[in-house]
Amino acid sequence: MATHKKARQPDWEATALDRISNLPINILHLILERLPLLDAARTTTLSKTWRTLWASQAELVFDDVFFQHLVSKKDKQASEVSLTISHILLVHSGSIWKFHLYIPKTLPLLHTDLWIRNISNSGVKKLELFNKPPSAYKMPSYLFSCSELTDLTLDNCILSPPLGFGGFCNLINARLFDVKIAANMSFGAQLETLDMKFCTGFRYLRGQFGCGNNIRKLTISYCVDIDWQWFKYTRNVETLCLKSGNWFRRVINLDSLVCKMPKIQVLLLNGIPKSVKPGASVFKRLRIMDKLIFLQLSVGFYDLVQTQSVICLLRSSPNLQNLRIRLGTVGSRSELHFIKLLLASSPSLVWMKISKRNTIRDPREELRILGEVTQLPRASTIARIIWN
């Protein structure tokens with residue numbers, strides 16, 4: 001009896017996979033980038049092509065989405081999650097240019113030091129570590145051997161460099177949030193952006209503010225232990241943001257500060273540091289800041305000295321283009337007087353936006369304030385008042 005062999009049915013999954021594998025390399029990298037990191041790592045089991053692709057994937061992002069995806073499948077413990085991340089790094093044999101790690105508040109990880117050691121040997125250029133558990137994470141010594149690092153972002157960490165650490169060779173941007181600096185250190189002579197919020201141990205950064213520093217953007221928010229004498233070497237600063245409590249208004253002399261920054265273009269202040277003495281003339285000027293084009297202030301006109309300081313600052317900024325003052329209008333005479341001065345001395349003004357404070361709940365009081373403001377004389381014929 002004659003037998004007939006059935007024709008083999010095509011393996012549609014294999015065919016589809018083969019078609020994807022034959023796409024240009026740049027397209028395959030885009031596919032990997034859009035996959036959840038765990039799924040992207042699993043592609044190494046598909047073929048040699050995908051193993052090679054994964055090895056050359058230069059960005060590893062273990063963010064909150066990664067942990068949500070991983071933990072949602074079953075009730076995983078910290079040890080299991082840590083092993084998963086370790087395995088992903090183990091099968092990745094290529095360079096790692098960006099490493100982003102988010103440590104969940106309720107899932108402290110176990111092998112973070114080993115991961116930092118791994119990436120320190122992989123040419124990492126951008127490191128972002130967000131530590132959400134209550135206890136600060138002490139960065140291991142491996143961090144300070146990352147010679148190619150250009151961008152560093154840390155949250156809730158401790159920095160304690162080894163004795164004799166002279167700074168990173170190529171670091172350009174450092175962003176620190178709730179970081180404790182526990183020993184003398186410098187981020188390196190190439191640093192251009194230093195952003196510090198709620199940090200302690202600022203006194204250990206004396207080496208950063210030497211005469212050879214290259215800082216162009218400096219943000220200091222709610223930090224303590226600051227020695228303002230270091231700022232005599234900040235002549236390259238173009239953007240300065242200072243936010244703090246009442247203490248910094250008492251200890252900083254704005255005139256002395258800005259004269260050390262002749263290139264400053266953007267200035268953001270939470271409150272006005274002392275710049276004039278009580279009773280000084282409103283025509284007093286600070287040292288001219290002829291490059292300043294953007295000024296943002298958060299002030300309250302509760303005394304004459306505050307008003308005088310703002311006026312002095314404005315009179316010292318002849319080329320100012322954008323002024324933002326956060327005060328929350330309550331209709332006080334000092335606020336209205338200041339608005340009057342601005343309108344009368346700004347011939348190029350296009351618009352002024354005034355935001356009322358939520359404490360003004362009486363519609364009649366709001367109309368009274370608005371009526372007074374709209375009747376004020378203006379040096380600019382095109383100036384509009386925007387009230388919201």
# chains A, B, ... in the order shown; residues from 1 in each chain; ligands from 1

call {"tool": "residues_around", "arguments": {"residues": "Leu152 of chain A", "least_positions_apart": "5", "cutoff": "9 Å", "atoms": "only C-alpha atoms", "output": "list in words"}}
result
Lys125, Lys126, Leu127, Glu128, Leu129, Leu171, Ile172, Asn173, Ala174, Arg175 and Leu176 of chain A

call {"tool": "closest_residue", "arguments": {"among": "A:Met352, A:Met289, A:Phe144, A:Leu297", "to": "Arg326 of chain A", "atoms": "only C-alpha atoms"}}
result
A:Leu297

call {"tool": "residues_around", "arguments": {"residues": "Trp387 of chain A", "least_positions_apart": "2", "cutoff": "7 Å", "atoms": "only C-alpha atoms", "output": "list in words"}}
result
Lys353, Ile354, Ser355 and Ile385 of chain A

call {"tool": "write_last_selection", "arguments": {"atoms": "all heavy atoms", "output": "short mmCIF file (atom, residue, chain, number, x, y, z; two decimals), in the first residue's frame"}}
result
data_model
loop_
_atom_site.label_atom_id
_atom_site.label_comp_id
_atom_site.auth_asym_id
_atom_site.auth_seq_id
_atom_site.Cartn_x
_atom_site.Cartn_y
_atom_site.Cartn_z
N LYS A 353 2.14 89.16 35.03
CA LYS A 353 1.17 88.20 35.56
C LYS A 353 1.18 88.27 37.08
O LYS A 353 2.24 88.13 37.71
CB LYS A 353 1.51 86.78 35.09
CG LYS A 353 0.52 85.72 35.55
CD LYS A 353 0.92 84.36 34.99
CE LYS A 353 -0.05 83.28 35.43
NZ LYS A 353 0.34 81.95 34.89
N ILE A 354 0.03 88.47 37.67
CA ILE A 354 -0.09 88.57 39.13
C ILE A 354 -0.99 87.45 39.62
O ILE A 354 -2.15 87.35 39.21
CB ILE A 354 -0.67 89.94 39.56
CG1 ILE A 354 0.20 91.08 39.01
CG2 ILE A 354 -0.78 90.03 41.07
CD1 ILE A 354 -0.35 92.45 39.28
N SER A 355 -0.45 86.60 40.48
CA SER A 355 -1.22 85.48 41.03
C SER A 355 -1.67 85.82 42.43
O SER A 355 -0.84 86.11 43.31
CB SER A 355 -0.37 84.19 41.04
OG SER A 355 0.02 83.86 39.73
N ILE A 385 -1.83 93.54 32.12
CA ILE A 385 -1.89 92.94 33.45
C ILE A 385 -2.71 91.66 33.36
O ILE A 385 -3.86 91.67 32.92
CB ILE A 385 -2.54 93.89 34.48
CG1 ILE A 385 -1.78 95.22 34.56
CG2 ILE A 385 -2.59 93.21 35.86
CD1 ILE A 385 -0.39 95.09 35.11
#

call {"tool": "closest_residue", "arguments": {"among": "A:Leu269, A:Ile116, A:Cys199, A:Met185", "to": "Leu323 of chain A", "atoms": "only C-alpha atoms"}}
result
A:Leu269

call {"tool": "select_by_dssp", "arguments": {"residues": "segment 112-199 of chain A", "states": "helix (DSSP H, G or I)", "output": "list in words"}}
result
Thr112, Asp113, Leu114, Trp115, Ile116, Arg117, Asn118, Ile119, Ser120, Ser141, Tyr142, Leu143, Phe144 and Ser145 of chain A

call {"tool": "select_by_dssp", "arguments": {"residues": "segment 60-240 of chain A", "states": "strand (DSSP E or B)", "output": "MDAnalysis selection string"}}
result
chainID A and resid 60:62 98:103 126:131 137:138 151:155 157:159 173:177 180:181 193:197 200 217:221 239:240

call {"tool": "atom_distance", "arguments": {"atom1": "atom CA of Phe130 of chain A", "atom2": "atom CA of Leu191 of chain A"}}
result
21.1 Å

call {"tool": "residues_around", "arguments": {"residues": "Gln208 of chain A", "least_positions_apart": "5", "cutoff": "8 Å", "atoms": "only C-alpha atoms", "output": "CSV table (one decimal) with N, CA and C atoms, in the first residue's frame"}}
result
chain,number,residue,atom,x,y,z
A,185,MET,N,36.2,65.5,49.8
A,185,MET,CA,36.1,65.0,48.5
A,185,MET,C,35.9,66.1,47.5
A,186,SER,N,36.2,65.8,46.2
A,186,SER,CA,35.9,66.7,45.1
A,186,SER,C,35.3,65.8,44.0
A,187,PHE,N,34.4,66.5,43.2
A,187,PHE,CA,33.8,65.8,42.1
A,187,PHE,C,34.7,65.9,40.8
A,188,GLY,N,35.7,66.7,40.9
A,188,GLY,CA,36.7,66.8,39.8
A,188,GLY,C,36.6,68.1,39.1
A,189,ALA,N,37.7,68.4,38.4
A,189,ALA,CA,37.9,69.7,37.8
A,189,ALA,C,37.0,70.0,36.6
A,213,ASN,N,38.1,75.3,39.7
A,213,ASN,CA,36.8,74.7,39.4
A,213,ASN,C,36.2,75.3,38.1

call {"tool": "residues_around", "arguments": {"residues": "Ala379 of chain A", "least_positions_apart": "3", "cutoff": "9 Å", "atoms": "only C-alpha atoms", "output": "VMD selection string"}}
result
chain A and resid 343 to 349 383
